[in-house]
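Q: First the structure, which I've put down as structure tokens, then a few questions once you've had a look.
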Amino acid sequence: MENSDVEDDVQIPDDNTFDLTLPASHSYLGNNLEELRGRTLLDEGIYINLPLLIKKSVVLFPGQTLPLTVFDRQTIEMLQQCINKNRIFGVVCLGYDKLISIGTTAEIYEYIEGSPIEGFRIKAKGRQRFKILRITQGYGKFSANVKIVPEIDLGLPLWESRCRSSDHLRQQTSTLLKERIERHDSISTPWPSWLMKRYNINKLSEKIRLHFDFIKKRGSHVPEDPTELSFWVGQNLPLVDSKRIALLNYDSAIPRLQKEINYLVRDRCFVCNECNSFIGKQSDMFPMNREGPQGTYCNLSGILHETVTLYRAKNLILSGNEPSTEYSWFPGYAWTIVSCQKCRNHMGWLFTAENNNLRPKSFWGLTRRGLRSKRVWTKDDYEERLDRSDSDTDYNNENDS
């Protein structure tokens, strides 16, 4: 094994010459896949029977791309039936002890029936959330009676009680004027204007888009629609399964965006999921895929890897194998397996450019399964905690007296 720590002075790659649309196309699955046209959307709130694809630690969000290489006959038959019907199946995460009751429909848009060695390959797109009512099993296949969960649009807070005489001013671009109108609206309510901002879907979306502005400038797509944005952020944050499932359970974009802002605004780092060794910072993420800094990819064996790309990492070691371009998710880059330096846990891959004109020269693709996001505690955080502790002590002393 060979040490692969990256120096602290590594800079964010600004001269990216790599085509970010290539990983999003999943060309490693082959260029001769048959394209299926049209789009199927199920009516919100309806009850329907769906064939299920149950995958361990895979939480699919609406809008997310799901590449699959399948070898077992039962799953292949299920996918073939979906293609002949409406191209829709359900994706459900298998937790450590039970099947999760929330899932997402996936619509197949490209497929090819390869040889037994190549497998049955598809590309699908996450569409709508559903909740499982009852599961049935037969001949190695799973299906379920489900309810398609509607997305609830809560609208702007206290919109109906607004001061309507100011409506003609709400279209103005001045931020100062908008804030004055919001303060004026809040006068007639018991709620302060700052509290209403926390439930204003436009302001929540603006705050998140500002945070991901550096990703958009580097060619990645950040959705404008608040609901699509809330799913996109959930897809691209390397969170543990329980937090991703919690985001998927929300029936509205507002609480989803609120929770995601909490994950973004606090300083966080990545550590090894097994031994807690420091790997990198959340700010080290950068996009090598048009769909965002984290993508779902499939290897030769059909195993799915949700992989986040970082330009800097530490405490990793390279395997002794030569870099390989076989089935590379990033065309033009060769991959080398990397592990945690302390516990030898598989962490992902180091991708190195085969062409001297390709930028960046190298980057890390680390699996969400191998990483854990951890909050970085600062001096201010500790002081705030001490203040709260003192306040709680004073309160308890008063009650005791």
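The chains in the structure tokens are called A, B, ... from first to last as shown; in each chain the residues are counted from 1, and the ligands are counted from 1 in the order shown.
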Report as a VMD selection string all protein, DNA and RNA residues lying within 12 Å of A:Arg129, evaluated on only C-alpha atoms, omitting residues in the same chain fewer than 2 positions from it.
A: chain A and resid 41 to 46 59 to 63 89 to 92 101 to 106 126 to 127 131 to 132 146 to 151 231 245 247 to 252
Q: Excluding stretch 261-267 of chain A and its own-chain neighbours fewer than 5 positions away, which residues fall within 8 Å of it when counting only C-alpha atoms? Please give them as a list in words.
A: Leu204, Lys207, Ile208, His211, Gln282, Arg375, Val376 and Trp377 of chain A
Q: Please identify all polymer residues within 7 Å of A:Thr325, counting only C-alpha atoms, omitting same-chain residues fewer than 3 positions from it, and present them as a list in words.
A: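 The residues satisfying every condition are Ser328, Tyr333, Ala334 and Trp335 of chain A.
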Q: Next, dump the selected residues to file, keeping only N, CA, C and O atoms, as a PDB file, in the first residue's frame.
A:
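Produced file again-v5.pdb, reproduced below:
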```
ATOM      1  N   SER A 328     -14.540   3.085 -16.264  1.00  0.00           N
ATOM      2  CA  SER A 328     -14.346   4.346 -15.544  1.00  0.00           C
ATOM      3  C   SER A 328     -15.589   5.221 -15.651  1.00  0.00           C
ATOM      4  O   SER A 328     -16.131   5.423 -16.734  1.00  0.00           O
ATOM      5  N   TYR A 333     -10.198   9.359 -17.275  1.00  0.00           N
ATOM      6  CA  TYR A 333      -9.529   9.206 -15.977  1.00  0.00           C
ATOM      7  C   TYR A 333      -9.383   7.724 -15.628  1.00  0.00           C
ATOM      8  O   TYR A 333     -10.291   6.926 -15.879  1.00  0.00           O
ATOM      9  N   ALA A 334      -8.248   7.392 -15.048  1.00  0.00           N
ATOM     10  CA  ALA A 334      -8.008   6.044 -14.546  1.00  0.00           C
ATOM     11  C   ALA A 334      -8.211   6.042 -13.033  1.00  0.00           C
ATOM     12  O   ALA A 334      -7.923   7.023 -12.359  1.00  0.00           O
ATOM     13  N   TRP A 335      -8.713   4.930 -12.504  1.00  0.00           N
ATOM     14  CA  TRP A 335      -9.026   4.850 -11.084  1.00  0.00           C
ATOM     15  C   TRP A 335      -8.085   3.895 -10.357  1.00  0.00           C
ATOM     16  O   TRP A 335      -7.608   2.912 -10.901  1.00  0.00           O
TER      17      TRP A 335
END
```
Q: Considering only C-alpha atoms, return as a PyMOL selection string whatever protein or nucleic-acid residues lie within 12 Å of A:Ile303, sequence-local ones (same chain, fewer than 4 positions apart) excluded.
A: chain A and resi 55-58+66-71+296-299+367
Q: Between A:Ser188, A:Ser25, A:Asn345, A:Leu50, which one has atoms that come closest to A:Arg134, using only C-alpha atoms?
A: A:Leu50
Q: Which polymer residues have any atom within 12 Å of an atom of A:Tyr199, counting only C-alpha atoms, with same-chain residues fewer than 4 positions away left out, as a PyMOL selection string?
A: chain A and resi 153-159+191-195+203-205+252-259
Q: Would you put the residues from that selection into a file with N, CA and C atoms, as an mmCIF file, in the first residue's frame?
A:
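After the write, again26.cif holds the following:
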```
data_model
loop_
_atom_site.group_PDB
_atom_site.id
_atom_site.type_symbol
_atom_site.label_atom_id
_atom_site.label_comp_id
_atom_site.auth_asym_id
_atom_site.auth_seq_id
_atom_site.Cartn_x
_atom_site.Cartn_y
_atom_site.Cartn_z
ATOM 1 N N ASP A 153 -47.918 22.102 -1.328
ATOM 2 C CA ASP A 153 -47.409 23.454 -1.534
ATOM 3 C C ASP A 153 -48.002 24.352 -0.449
ATOM 4 N N LEU A 154 -47.176 24.722 0.525
ATOM 5 C CA LEU A 154 -47.659 25.540 1.640
ATOM 6 C C LEU A 154 -47.780 27.013 1.282
ATOM 7 N N GLY A 155 -47.120 27.431 0.215
ATOM 8 C CA GLY A 155 -47.192 28.839 -0.177
ATOM 9 C C GLY A 155 -46.425 29.740 0.776
ATOM 10 N N LEU A 156 -46.545 31.047 0.564
ATOM 11 C CA LEU A 156 -45.857 32.014 1.412
ATOM 12 C C LEU A 156 -46.579 32.153 2.744
ATOM 13 N N PRO A 157 -45.843 32.337 3.834
ATOM 14 C CA PRO A 157 -46.476 32.424 5.157
ATOM 15 C C PRO A 157 -47.387 33.647 5.262
ATOM 16 N N LEU A 158 -48.559 33.424 5.840
ATOM 17 C CA LEU A 158 -49.523 34.503 6.114
ATOM 18 C C LEU A 158 -49.872 35.306 4.863
ATOM 19 N N TRP A 159 -49.880 34.638 3.697
ATOM 20 C CA TRP A 159 -50.166 35.342 2.442
ATOM 21 C C TRP A 159 -51.581 35.906 2.437
ATOM 22 N N TRP A 191 -46.522 37.222 14.876
ATOM 23 C CA TRP A 191 -45.237 36.633 14.509
ATOM 24 C C TRP A 191 -44.280 37.693 13.972
ATOM 25 N N PRO A 192 -43.012 37.704 14.419
ATOM 26 C CA PRO A 192 -42.027 38.660 13.886
ATOM 27 C C PRO A 192 -41.642 38.311 12.455
ATOM 28 N N SER A 193 -41.130 39.286 11.736
ATOM 29 C CA SER A 193 -40.800 39.076 10.322
ATOM 30 C C SER A 193 -39.682 38.056 10.143
ATOM 31 N N TRP A 194 -38.738 37.997 11.109
ATOM 32 C CA TRP A 194 -37.627 37.050 10.957
ATOM 33 C C TRP A 194 -38.118 35.608 11.025
ATOM 34 N N LEU A 195 -39.194 35.377 11.795
ATOM 35 C CA LEU A 195 -39.742 34.037 11.889
ATOM 36 C C LEU A 195 -40.438 33.645 10.589
ATOM 37 N N LYS A 203 -37.078 32.448 0.076
ATOM 38 C CA LYS A 203 -35.882 32.861 0.809
ATOM 39 C C LYS A 203 -35.032 31.653 1.192
ATOM 40 N N LEU A 204 -35.687 30.543 1.542
ATOM 41 C CA LEU A 204 -34.945 29.321 1.844
ATOM 42 C C LEU A 204 -34.192 28.834 0.610
ATOM 43 N N SER A 205 -34.860 28.866 -0.529
ATOM 44 C CA SER A 205 -34.234 28.426 -1.785
ATOM 45 C C SER A 205 -33.071 29.329 -2.154
ATOM 46 N N SER A 252 -43.500 18.310 2.246
ATOM 47 C CA SER A 252 -43.407 19.669 1.711
ATOM 48 C C SER A 252 -41.945 20.057 1.584
ATOM 49 N N ALA A 253 -41.667 20.955 0.638
ATOM 50 C CA ALA A 253 -40.290 21.388 0.423
ATOM 51 C C ALA A 253 -39.786 22.275 1.554
ATOM 52 N N ILE A 254 -40.674 22.976 2.255
ATOM 53 C CA ILE A 254 -40.236 23.940 3.276
ATOM 54 C C ILE A 254 -39.491 23.261 4.421
ATOM 55 N N PRO A 255 -40.051 22.251 5.109
ATOM 56 C CA PRO A 255 -39.275 21.611 6.175
ATOM 57 C C PRO A 255 -38.038 20.888 5.652
ATOM 58 N N ARG A 256 -38.111 20.413 4.387
ATOM 59 C CA ARG A 256 -36.951 19.750 3.791
ATOM 60 C C ARG A 256 -35.810 20.745 3.609
ATOM 61 N N LEU A 257 -36.127 21.941 3.093
ATOM 62 C CA LEU A 257 -35.106 22.973 2.901
ATOM 63 C C LEU A 257 -34.575 23.477 4.241
ATOM 64 N N GLN A 258 -35.440 23.617 5.234
ATOM 65 C CA GLN A 258 -35.000 24.064 6.555
ATOM 66 C C GLN A 258 -33.963 23.109 7.141
ATOM 67 N N LYS A 259 -34.249 21.820 7.038
ATOM 68 C CA LYS A 259 -33.330 20.822 7.569
ATOM 69 C C LYS A 259 -32.012 20.829 6.808
#
```
Q: Please indicate the distance in Å from atom CA of A:Ser115 to atom CA of A:Gly30, rounded to one decimal place.
A: 12.6 Å
Q: Neighbours of A:Leu316 within 12 Å (only C-alpha atoms; same-chain residues fewer than 4 positions away dropped), as a ChimeraX atom specification?
A: /A:1-6,271-272,277-280,312,336-350,364-366,370
Q: Just to be explicit: take each residue in the selection above, keep N, CA and C atoms, and write the result as a CSV table (one decimal), in the first residue's frame.
A:
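Heads up, here's the output in out01.csv:
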```
chain,number,residue,atom,x,y,z
A,1,MET,N,0.9,-1.2,0.0
A,1,MET,CA,0.0,0.0,0.0
A,1,MET,C,0.9,1.2,0.0
A,2,GLU,N,0.4,2.3,-0.5
A,2,GLU,CA,1.2,3.5,-0.7
A,2,GLU,C,0.4,4.7,-0.2
A,3,ASN,N,1.1,5.6,0.6
A,3,ASN,CA,0.5,6.7,1.3
A,3,ASN,C,0.1,7.7,0.2
A,4,SER,N,-1.1,8.3,0.4
A,4,SER,CA,-1.6,9.2,-0.6
A,4,SER,C,-2.1,10.5,-0.1
A,5,ASP,N,-1.6,11.0,1.1
A,5,ASP,CA,-2.1,12.2,1.6
A,5,ASP,C,-1.8,13.4,0.6
A,6,VAL,N,-2.8,14.3,0.6
A,6,VAL,CA,-2.7,15.4,-0.3
A,6,VAL,C,-2.2,16.6,0.5
A,271,VAL,N,-15.3,12.1,7.9
A,271,VAL,CA,-14.5,11.2,8.7
A,271,VAL,C,-14.8,9.7,8.2
A,272,CYS,N,-13.8,8.8,8.4
A,272,CYS,CA,-14.0,7.4,8.1
A,272,CYS,C,-15.2,6.9,8.9
A,277,SER,N,-11.3,8.6,11.4
A,277,SER,CA,-10.2,9.3,11.0
A,277,SER,C,-10.6,10.5,10.1
A,278,PHE,N,-10.0,11.6,10.2
A,278,PHE,CA,-10.3,12.8,9.4
A,278,PHE,C,-10.0,12.5,7.9
A,279,ILE,N,-10.9,12.8,7.0
A,279,ILE,CA,-10.7,12.6,5.6
A,279,ILE,C,-10.7,13.9,4.8
A,280,GLY,N,-11.6,14.8,5.0
A,280,GLY,CA,-11.7,16.0,4.3
A,280,GLY,C,-12.8,16.9,4.9
A,312,ARG,N,-9.5,17.5,-2.5
A,312,ARG,CA,-8.5,17.3,-1.4
A,312,ARG,C,-8.9,16.3,-0.4
A,336,THR,N,-7.8,4.2,-9.1
A,336,THR,CA,-7.1,3.4,-8.2
A,336,THR,C,-7.8,3.3,-6.9
A,337,ILE,N,-8.0,2.1,-6.4
A,337,ILE,CA,-8.7,1.9,-5.1
A,337,ILE,C,-8.0,2.6,-3.9
A,338,VAL,N,-8.7,3.3,-3.1
A,338,VAL,CA,-8.1,3.9,-1.9
A,338,VAL,C,-8.8,3.4,-0.6
A,339,SER,N,-8.0,3.3,0.5
A,339,SER,CA,-8.6,2.8,1.7
A,339,SER,C,-8.2,3.8,2.8
A,340,CYS,N,-8.8,3.6,4.0
A,340,CYS,CA,-8.5,4.4,5.1
A,340,CYS,C,-7.1,4.0,5.7
A,341,GLN,N,-6.2,4.9,5.9
A,341,GLN,CA,-4.9,4.6,6.4
A,341,GLN,C,-4.8,3.9,7.7
A,342,LYS,N,-5.8,4.2,8.5
A,342,LYS,CA,-5.8,3.6,9.9
A,342,LYS,C,-6.5,2.2,10.0
A,343,CYS,N,-7.7,2.1,9.4
A,343,CYS,CA,-8.5,0.9,9.6
A,343,CYS,C,-8.6,0.0,8.3
A,344,ARG,N,-8.1,0.5,7.2
A,344,ARG,CA,-8.1,-0.2,5.9
A,344,ARG,C,-9.5,-0.3,5.4
A,345,ASN,N,-10.4,0.5,5.8
A,345,ASN,CA,-11.8,0.5,5.3
A,345,ASN,C,-11.8,1.0,3.9
A,346,HIS,N,-12.5,0.4,3.0
A,346,HIS,CA,-12.6,0.9,1.6
A,346,HIS,C,-13.3,2.2,1.5
A,347,MET,N,-12.6,3.2,1.0
A,347,MET,CA,-13.2,4.6,1.0
A,347,MET,C,-13.6,5.1,-0.4
A,348,GLY,N,-13.0,4.5,-1.5
A,348,GLY,CA,-13.4,4.9,-2.8
A,348,GLY,C,-12.2,4.8,-3.8
A,349,TRP,N,-12.0,5.9,-4.5
A,349,TRP,CA,-11.0,5.8,-5.6
A,349,TRP,C,-10.3,7.1,-5.8
A,350,LEU,N,-9.0,7.1,-6.2
A,350,LEU,CA,-8.3,8.2,-6.7
A,350,LEU,C,-8.4,8.2,-8.3
A,364,TRP,N,-10.5,12.9,-6.0
A,364,TRP,CA,-11.0,11.8,-5.2
A,364,TRP,C,-12.5,11.5,-5.4
A,365,GLY,N,-12.8,10.3,-5.6
A,365,GLY,CA,-14.2,9.8,-5.6
A,365,GLY,C,-14.4,8.9,-4.4
A,366,LEU,N,-15.1,9.4,-3.4
A,366,LEU,CA,-15.2,8.7,-2.1
A,366,LEU,C,-16.7,8.3,-1.9
A,370,GLY,N,-18.6,4.8,2.9
A,370,GLY,CA,-17.3,4.8,3.7
A,370,GLY,C,-17.2,6.1,4.5
```
Q: Considering only C-alpha atoms, can you say which of A:Glu110, A:Cys163, A:Thr75, A:His168 comes closest to A:Thr189?
A: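 Checking each candidate against A:Thr189, we get A:Cys163 as the closest.
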Q: So how many Å separate atom CA of A:Asn200 and atom CA of A:Ser166, to one decimal?
A: 17.8 Å
Q: Going by DSSP on the backbone, which residues of stretch 100-332 of chain A come out as alpha helix (DSSP H)? List them as an MDAnalysis selection string.
A: chainID A and resid 175:187 193:197 201:211 213:217 226:236 241:249 253:265
Q: With C-alpha atoms retained, write the just-selected residues as a PDB file, in the first residue's frame.
A:
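Here's the written file result_1.pdb:
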```pdb
ATOM      1  CA  THR A 175     -34.272  43.873  -1.457  1.00  0.00           C
ATOM      2  CA  LEU A 176     -34.595  46.717   1.029  1.00  0.00           C
ATOM      3  CA  LEU A 177     -38.125  47.491  -0.158  1.00  0.00           C
ATOM      4  CA  LYS A 178     -39.157  43.826   0.073  1.00  0.00           C
ATOM      5  CA  GLU A 179     -37.904  43.605   3.646  1.00  0.00           C
ATOM      6  CA  ARG A 180     -39.826  46.745   4.599  1.00  0.00           C
ATOM      7  CA  ILE A 181     -43.027  45.256   3.143  1.00  0.00           C
ATOM      8  CA  GLU A 182     -42.449  42.001   5.040  1.00  0.00           C
ATOM      9  CA  ARG A 183     -41.989  43.882   8.313  1.00  0.00           C
ATOM     10  CA  HIS A 184     -45.144  45.857   7.577  1.00  0.00           C
ATOM     11  CA  ASP A 185     -47.070  42.600   6.924  1.00  0.00           C
ATOM     12  CA  SER A 186     -45.910  41.112  10.200  1.00  0.00           C
ATOM     13  CA  ILE A 187     -47.228  44.067  12.247  1.00  0.00           C
ATOM     14  CA  SER A 193     -40.800  39.076  10.322  1.00  0.00           C
ATOM     15  CA  TRP A 194     -37.627  37.050  10.957  1.00  0.00           C
ATOM     16  CA  LEU A 195     -39.742  34.037  11.889  1.00  0.00           C
ATOM     17  CA  MET A 196     -41.792  34.305   8.699  1.00  0.00           C
ATOM     18  CA  LYS A 197     -38.555  34.276   6.685  1.00  0.00           C
ATOM     19  CA  ILE A 201     -39.849  29.013   0.489  1.00  0.00           C
ATOM     20  CA  ASN A 202     -38.297  31.592  -1.851  1.00  0.00           C
ATOM     21  CA  LYS A 203     -35.882  32.861   0.809  1.00  0.00           C
ATOM     22  CA  LEU A 204     -34.945  29.321   1.844  1.00  0.00           C
ATOM     23  CA  SER A 205     -34.234  28.426  -1.785  1.00  0.00           C
ATOM     24  CA  GLU A 206     -32.207  31.592  -2.313  1.00  0.00           C
ATOM     25  CA  LYS A 207     -30.065  30.832   0.731  1.00  0.00           C
ATOM     26  CA  ILE A 208     -29.290  27.307  -0.476  1.00  0.00           C
ATOM     27  CA  ARG A 209     -28.585  28.394  -4.065  1.00  0.00           C
ATOM     28  CA  LEU A 210     -26.165  30.999  -2.712  1.00  0.00           C
ATOM     29  CA  HIS A 211     -24.349  28.257  -0.819  1.00  0.00           C
ATOM     30  CA  ASP A 213     -23.165  29.078  -6.246  1.00  0.00           C
ATOM     31  CA  PHE A 214     -19.583  27.809  -6.639  1.00  0.00           C
ATOM     32  CA  ILE A 215     -20.946  24.518  -8.022  1.00  0.00           C
ATOM     33  CA  LYS A 216     -23.140  26.302 -10.542  1.00  0.00           C
ATOM     34  CA  LYS A 217     -20.193  28.423 -11.705  1.00  0.00           C
ATOM     35  CA  PRO A 226     -37.817  24.972  -4.721  1.00  0.00           C
ATOM     36  CA  THR A 227     -39.212  21.425  -4.618  1.00  0.00           C
ATOM     37  CA  GLU A 228     -36.698  20.131  -7.162  1.00  0.00           C
ATOM     38  CA  LEU A 229     -33.959  21.987  -5.273  1.00  0.00           C
ATOM     39  CA  SER A 230     -34.910  20.319  -1.977  1.00  0.00           C
ATOM     40  CA  PHE A 231     -34.594  16.877  -3.597  1.00  0.00           C
ATOM     41  CA  TRP A 232     -31.351  17.853  -5.360  1.00  0.00           C
ATOM     42  CA  VAL A 233     -29.720  18.929  -2.092  1.00  0.00           C
ATOM     43  CA  GLY A 234     -30.823  15.712  -0.384  1.00  0.00           C
ATOM     44  CA  GLN A 235     -29.327  13.758  -3.259  1.00  0.00           C
ATOM     45  CA  ASN A 236     -25.984  15.603  -3.155  1.00  0.00           C
ATOM     46  CA  ASP A 241     -29.349   6.734   5.505  1.00  0.00           C
ATOM     47  CA  SER A 242     -31.510   7.790   8.454  1.00  0.00           C
ATOM     48  CA  LYS A 243     -31.153  11.509   7.622  1.00  0.00           C
ATOM     49  CA  ARG A 244     -31.803  10.948   3.910  1.00  0.00           C
ATOM     50  CA  ILE A 245     -34.916   8.923   4.726  1.00  0.00           C
ATOM     51  CA  ALA A 246     -36.075  11.691   7.074  1.00  0.00           C
ATOM     52  CA  LEU A 247     -35.753  14.214   4.219  1.00  0.00           C
ATOM     53  CA  LEU A 248     -37.689  11.910   1.894  1.00  0.00           C
ATOM     54  CA  ASN A 249     -40.484  11.585   4.475  1.00  0.00           C
ATOM     55  CA  ALA A 253     -40.290  21.388   0.423  1.00  0.00           C
ATOM     56  CA  ILE A 254     -40.236  23.940   3.276  1.00  0.00           C
ATOM     57  CA  PRO A 255     -39.275  21.611   6.175  1.00  0.00           C
ATOM     58  CA  ARG A 256     -36.951  19.750   3.791  1.00  0.00           C
ATOM     59  CA  LEU A 257     -35.106  22.973   2.901  1.00  0.00           C
ATOM     60  CA  GLN A 258     -35.000  24.064   6.555  1.00  0.00           C
ATOM     61  CA  LYS A 259     -33.330  20.822   7.569  1.00  0.00           C
ATOM     62  CA  GLU A 260     -30.869  20.979   4.684  1.00  0.00           C
ATOM     63  CA  ILE A 261     -29.847  24.529   5.592  1.00  0.00           C
ATOM     64  CA  ASN A 262     -28.907  23.273   9.060  1.00  0.00           C
ATOM     65  CA  TYR A 263     -26.613  20.707   7.439  1.00  0.00           C
ATOM     66  CA  LEU A 264     -25.035  23.350   5.198  1.00  0.00           C
ATOM     67  CA  VAL A 265     -24.509  26.392   7.403  1.00  0.00           C
TER      68      VAL A 265
END
```
Q: Do you know which residues are at most 7 Å from A:Gly295 counting only C-alpha atoms, after dropping those on the same chain fewer than 3 positions away, and could you put them as a PDB file with N, CA, C and O atoms, in the first residue's frame?
A:
```pdb
ATOM      1  N   GLY A 292     -24.272  17.260 -10.028  1.00  0.00           N
ATOM      2  CA  GLY A 292     -23.881  17.673  -8.683  1.00  0.00           C
ATOM      3  C   GLY A 292     -22.598  17.002  -8.225  1.00  0.00           C
ATOM      4  O   GLY A 292     -22.014  16.163  -8.927  1.00  0.00           O
ATOM      5  N   GLU A 306     -22.713   5.423  -4.274  1.00  0.00           N
ATOM      6  CA  GLU A 306     -22.989   6.857  -4.241  1.00  0.00           C
ATOM      7  C   GLU A 306     -21.685   7.554  -3.890  1.00  0.00           C
ATOM      8  O   GLU A 306     -21.171   7.392  -2.779  1.00  0.00           O
ATOM      9  N   THR A 307     -21.155   8.304  -4.835  1.00  0.00           N
ATOM     10  CA  THR A 307     -19.782   8.787  -4.757  1.00  0.00           C
ATOM     11  C   THR A 307     -19.734  10.308  -4.784  1.00  0.00           C
ATOM     12  O   THR A 307     -20.299  10.940  -5.676  1.00  0.00           O
ATOM     13  N   VAL A 308     -19.052  10.878  -3.792  1.00  0.00           N
ATOM     14  CA  VAL A 308     -18.866  12.322  -3.720  1.00  0.00           C
ATOM     15  C   VAL A 308     -17.452  12.643  -4.179  1.00  0.00           C
ATOM     16  O   VAL A 308     -16.500  11.923  -3.856  1.00  0.00           O
TER      17      VAL A 308
END
```
